[in-house]
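Just below is one structure, and these are the notes that go with it.
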Amino acid sequence: MTNVIKSQLLGLQKYIVPLAILAIVVYIIWKKGKNAGADTSNIQVKYPNGGKQIRVGFDANGLAMQLFDVMDGIFTWANTKEKVFILLNACTGEEMIAVYNAFNAKYGSKGKGTLTKWINDESNVVIGSVAPTLIQKLRSLGAV
């Protein structure tokens, strides 16, 4: 009986090594992709006018990531998007430009262009959304 088991294991051995290598390669690719998409700490945000109108602790990179998350997903509820749009709408002009720059640096090349264009292209928004107001504010600040 042990000879039969040994011969079966030897027969499977030729599949184990390639599968293990494939699993390692897939894991490495997945890990690099996950890290590249989640890491916003290395973005240099350009604060207009030296950041004089930016609140202490304001996180432009974090808000840019939240905006991307709600606008990139297919199955994001409109009210979830609206909550993040309201956060952006509450920003000062300098904060809004900082978020705009951070968003464009990280996500602008992902197909839709600038933050203004991403918001403008959103179709699944609540009735009475602040999205049109955001677009006007961004454009008035030169963020097209």
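Letters A, B, ... go to the chains of the structure tokens in the order shown; residues in each chain start at 1; ligands are counted from 1 in the same order.
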
Contacts of A:Ser123 at 10 Å or less, counting only C-alpha atoms, minus same-chain residues fewer than 3 places along, as a list in words?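 Surrounding residues, per the criterion: Met71, Ala78, Ile119, Asn120 and Val126 of chain A.
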
Write out, as an mmCIF file, in the first residue's frame, the residues just selected, with C-alpha atoms.
```cif
data_model
loop_
_atom_site.group_PDB
_atom_site.id
_atom_site.type_symbol
_atom_site.label_atom_id
_atom_site.label_comp_id
_atom_site.auth_asym_id
_atom_site.auth_seq_id
_atom_site.Cartn_x
_atom_site.Cartn_y
_atom_site.Cartn_z
ATOM 1 C CA MET A 71 -16.915 57.483 -8.043
ATOM 2 C CA ALA A 78 -25.947 57.792 -4.584
ATOM 3 C CA ILE A 119 -17.729 64.681 -10.840
ATOM 4 C CA ASN A 120 -19.320 66.032 -14.019
ATOM 5 C CA VAL A 126 -29.199 62.158 -5.475
#
```

Residues near A:Ile97, cut-off 10 Å, only C-alpha atoms, skip fewer than 2 positions along chain, as a PDB file with N, CA and C atoms, in the first residue's frame:
```
ATOM      1  N   VAL A  45       1.013  67.432  -2.392  1.00  0.00           N
ATOM      2  CA  VAL A  45      -0.136  68.283  -2.676  1.00  0.00           C
ATOM      3  C   VAL A  45       0.323  69.737  -2.737  1.00  0.00           C
ATOM      4  N   LYS A  46      -0.094  70.419  -3.773  1.00  0.00           N
ATOM      5  CA  LYS A  46       0.264  71.829  -3.947  1.00  0.00           C
ATOM      6  C   LYS A  46      -0.808  72.695  -3.303  1.00  0.00           C
ATOM      7  N   TYR A  47      -0.492  73.292  -2.168  1.00  0.00           N
ATOM      8  CA  TYR A  47      -1.437  74.168  -1.496  1.00  0.00           C
ATOM      9  C   TYR A  47      -1.291  75.588  -2.046  1.00  0.00           C
ATOM     10  N   PRO A  48      -2.350  76.131  -2.617  1.00  0.00           N
ATOM     11  CA  PRO A  48      -2.278  77.495  -3.142  1.00  0.00           C
ATOM     12  C   PRO A  48      -2.053  78.507  -2.020  1.00  0.00           C
ATOM     13  N   ALA A  60      -5.952  66.300   2.374  1.00  0.00           N
ATOM     14  CA  ALA A  60      -6.357  66.350   0.966  1.00  0.00           C
ATOM     15  C   ALA A  60      -6.245  64.973   0.313  1.00  0.00           C
ATOM     16  N   CYS A  91     -15.177  72.452   1.976  1.00  0.00           N
ATOM     17  CA  CYS A  91     -13.776  72.887   1.969  1.00  0.00           C
ATOM     18  C   CYS A  91     -13.647  74.347   1.556  1.00  0.00           C
ATOM     19  N   THR A  92     -12.590  74.991   2.049  1.00  0.00           N
ATOM     20  CA  THR A  92     -12.245  76.324   1.558  1.00  0.00           C
ATOM     21  C   THR A  92     -11.729  76.174   0.129  1.00  0.00           C
ATOM     22  N   GLY A  93     -11.580  77.284  -0.565  1.00  0.00           N
ATOM     23  CA  GLY A  93     -11.068  77.236  -1.935  1.00  0.00           C
ATOM     24  C   GLY A  93      -9.695  76.580  -2.015  1.00  0.00           C
ATOM     25  N   GLU A  94      -8.814  76.915  -1.071  1.00  0.00           N
ATOM     26  CA  GLU A  94      -7.476  76.327  -1.076  1.00  0.00           C
ATOM     27  C   GLU A  94      -7.518  74.831  -0.799  1.00  0.00           C
ATOM     28  N   GLU A  95      -8.390  74.431   0.123  1.00  0.00           N
ATOM     29  CA  GLU A  95      -8.526  73.005   0.414  1.00  0.00           C
ATOM     30  C   GLU A  95      -9.064  72.259  -0.800  1.00  0.00           C
ATOM     31  N   VAL A  99      -7.281  69.191  -2.786  1.00  0.00           N
ATOM     32  CA  VAL A  99      -7.914  67.899  -3.073  1.00  0.00           C
ATOM     33  C   VAL A  99      -7.887  67.646  -4.577  1.00  0.00           C
ATOM     34  N   TYR A 100      -8.188  68.666  -5.356  1.00  0.00           N
ATOM     35  CA  TYR A 100      -8.155  68.568  -6.822  1.00  0.00           C
ATOM     36  C   TYR A 100      -6.781  68.105  -7.300  1.00  0.00           C
ATOM     37  N   ASN A 101      -5.729  68.748  -6.795  1.00  0.00           N
ATOM     38  CA  ASN A 101      -4.364  68.376  -7.191  1.00  0.00           C
ATOM     39  C   ASN A 101      -4.017  66.955  -6.757  1.00  0.00           C
ATOM     40  N   ALA A 102      -4.402  66.609  -5.530  1.00  0.00           N
ATOM     41  CA  ALA A 102      -4.113  65.262  -5.033  1.00  0.00           C
ATOM     42  C   ALA A 102      -4.849  64.207  -5.850  1.00  0.00           C
ATOM     43  N   PHE A 103      -6.117  64.460  -6.147  1.00  0.00           N
ATOM     44  CA  PHE A 103      -6.916  63.519  -6.934  1.00  0.00           C
ATOM     45  C   PHE A 103      -6.310  63.334  -8.323  1.00  0.00           C
ATOM     46  N   LYS A 137     -17.786  75.572  -8.400  1.00  0.00           N
ATOM     47  CA  LYS A 137     -16.726  76.051  -7.503  1.00  0.00           C
ATOM     48  C   LYS A 137     -15.352  75.706  -8.060  1.00  0.00           C
ATOM     49  N   LEU A 138     -15.194  74.457  -8.482  1.00  0.00           N
ATOM     50  CA  LEU A 138     -13.898  74.021  -9.014  1.00  0.00           C
ATOM     51  C   LEU A 138     -13.522  74.846 -10.248  1.00  0.00           C
ATOM     52  N   LEU A 141     -12.337  78.280  -9.537  1.00  0.00           N
ATOM     53  CA  LEU A 141     -10.982  78.273  -8.980  1.00  0.00           C
ATOM     54  C   LEU A 141      -9.929  77.933 -10.043  1.00  0.00           C
ATOM     55  N   GLY A 142     -10.382  77.720 -11.275  1.00  0.00           N
ATOM     56  CA  GLY A 142      -9.462  77.371 -12.356  1.00  0.00           C
ATOM     57  C   GLY A 142      -9.197  75.901 -12.474  1.00  0.00           C
ATOM     58  N   ALA A 143      -9.969  75.104 -11.767  1.00  0.00           N
ATOM     59  CA  ALA A 143      -9.785  73.651 -11.781  1.00  0.00           C
ATOM     60  C   ALA A 143     -10.780  73.040 -12.780  1.00  0.00           C
TER      61      ALA A 143
END
```

Which residue, A:Asn61, A:Gln136, A:Ser109, A:Thr114, has the smallest gap to A:Asn89 when you use only C-alpha atoms?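 For A:Asn89, the nearest of the given residues is A:Gln136.
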
Which of A:Thr116, A:Thr133, A:Gln53, A:Asn124 sits closest to A:Lys81 [using only C-alpha atoms]: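 For A:Lys81, the nearest of the given residues is A:Asn124.
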
Contacts of A:Ala64 within 10 Å, only C-alpha atoms, excl. fewer than 5 positions in-chain, as a VMD selection string: chain A and resid 40 59 69 84 88 96 98 to 107 115

Selected residues written out, N, CA and C atoms, as a compact mmCIF listing (two decimals), in the first residue's frame:
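Output saved as part.txt:
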```txt
# COMPACT_ATOMS: atom_id res chain seq x y z
N THR A 40 -1.38 56.77 -0.71
CA THR A 40 -1.45 58.16 -1.16
C THR A 40 -0.50 59.04 -0.36
N ASP A 59 -6.79 66.70 5.44
CA ASP A 59 -6.11 65.63 4.70
C ASP A 59 -6.62 65.59 3.26
N ASP A 69 -12.91 56.41 -4.47
CA ASP A 69 -13.61 55.18 -4.07
C ASP A 69 -15.09 55.24 -4.40
N VAL A 84 -19.67 62.26 0.52
CA VAL A 84 -18.29 62.66 0.22
C VAL A 84 -18.28 63.98 -0.55
N LEU A 88 -16.39 67.65 0.39
CA LEU A 88 -15.60 68.50 -0.51
C LEU A 88 -16.22 69.89 -0.61
N MET A 96 -10.02 72.88 -1.48
CA MET A 96 -10.61 72.25 -2.66
C MET A 96 -9.55 72.06 -3.76
N ALA A 98 -6.35 71.81 -3.22
CA ALA A 98 -5.42 70.78 -2.72
C ALA A 98 -5.98 69.38 -3.00
N VAL A 99 -7.28 69.19 -2.79
CA VAL A 99 -7.91 67.90 -3.07
C VAL A 99 -7.89 67.65 -4.58
N TYR A 100 -8.19 68.67 -5.36
CA TYR A 100 -8.16 68.57 -6.82
C TYR A 100 -6.78 68.10 -7.30
N ASN A 101 -5.73 68.75 -6.79
CA ASN A 101 -4.36 68.38 -7.19
C ASN A 101 -4.02 66.96 -6.76
N ALA A 102 -4.40 66.61 -5.53
CA ALA A 102 -4.11 65.26 -5.03
C ALA A 102 -4.85 64.21 -5.85
N PHE A 103 -6.12 64.46 -6.15
CA PHE A 103 -6.92 63.52 -6.93
C PHE A 103 -6.31 63.33 -8.32
N ASN A 104 -5.99 64.44 -8.98
CA ASN A 104 -5.45 64.36 -10.34
C ASN A 104 -4.10 63.65 -10.37
N ALA A 105 -3.27 63.90 -9.36
CA ALA A 105 -1.95 63.25 -9.31
C ALA A 105 -2.08 61.74 -9.16
N LYS A 106 -3.07 61.31 -8.39
CA LYS A 106 -3.20 59.87 -8.10
C LYS A 106 -4.13 59.15 -9.08
N TYR A 107 -5.23 59.79 -9.45
CA TYR A 107 -6.27 59.08 -10.21
C TYR A 107 -6.60 59.70 -11.57
N LEU A 115 -10.53 65.76 -11.57
CA LEU A 115 -11.59 65.59 -10.59
C LEU A 115 -12.88 66.26 -11.07
```

For stretch 127-129 of chain A, work out the shell of residues within 9 Å, counting only C-alpha atoms and skipping chain neighbours fewer than 4 positions away, then give it as a list in words.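 After dropping sequence-adjacent residues, the list is Glu82, Phe85, Ile86 and Thr133 of chain A.
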
If you run DSSP on the backbone here, which positions in stretch 36-126 of chain A get helix (DSSP H, G or I)? Please write them as number ranges by chain. A: 36-38, 48-51, 60-72, 78-89, 93-107, 115-121
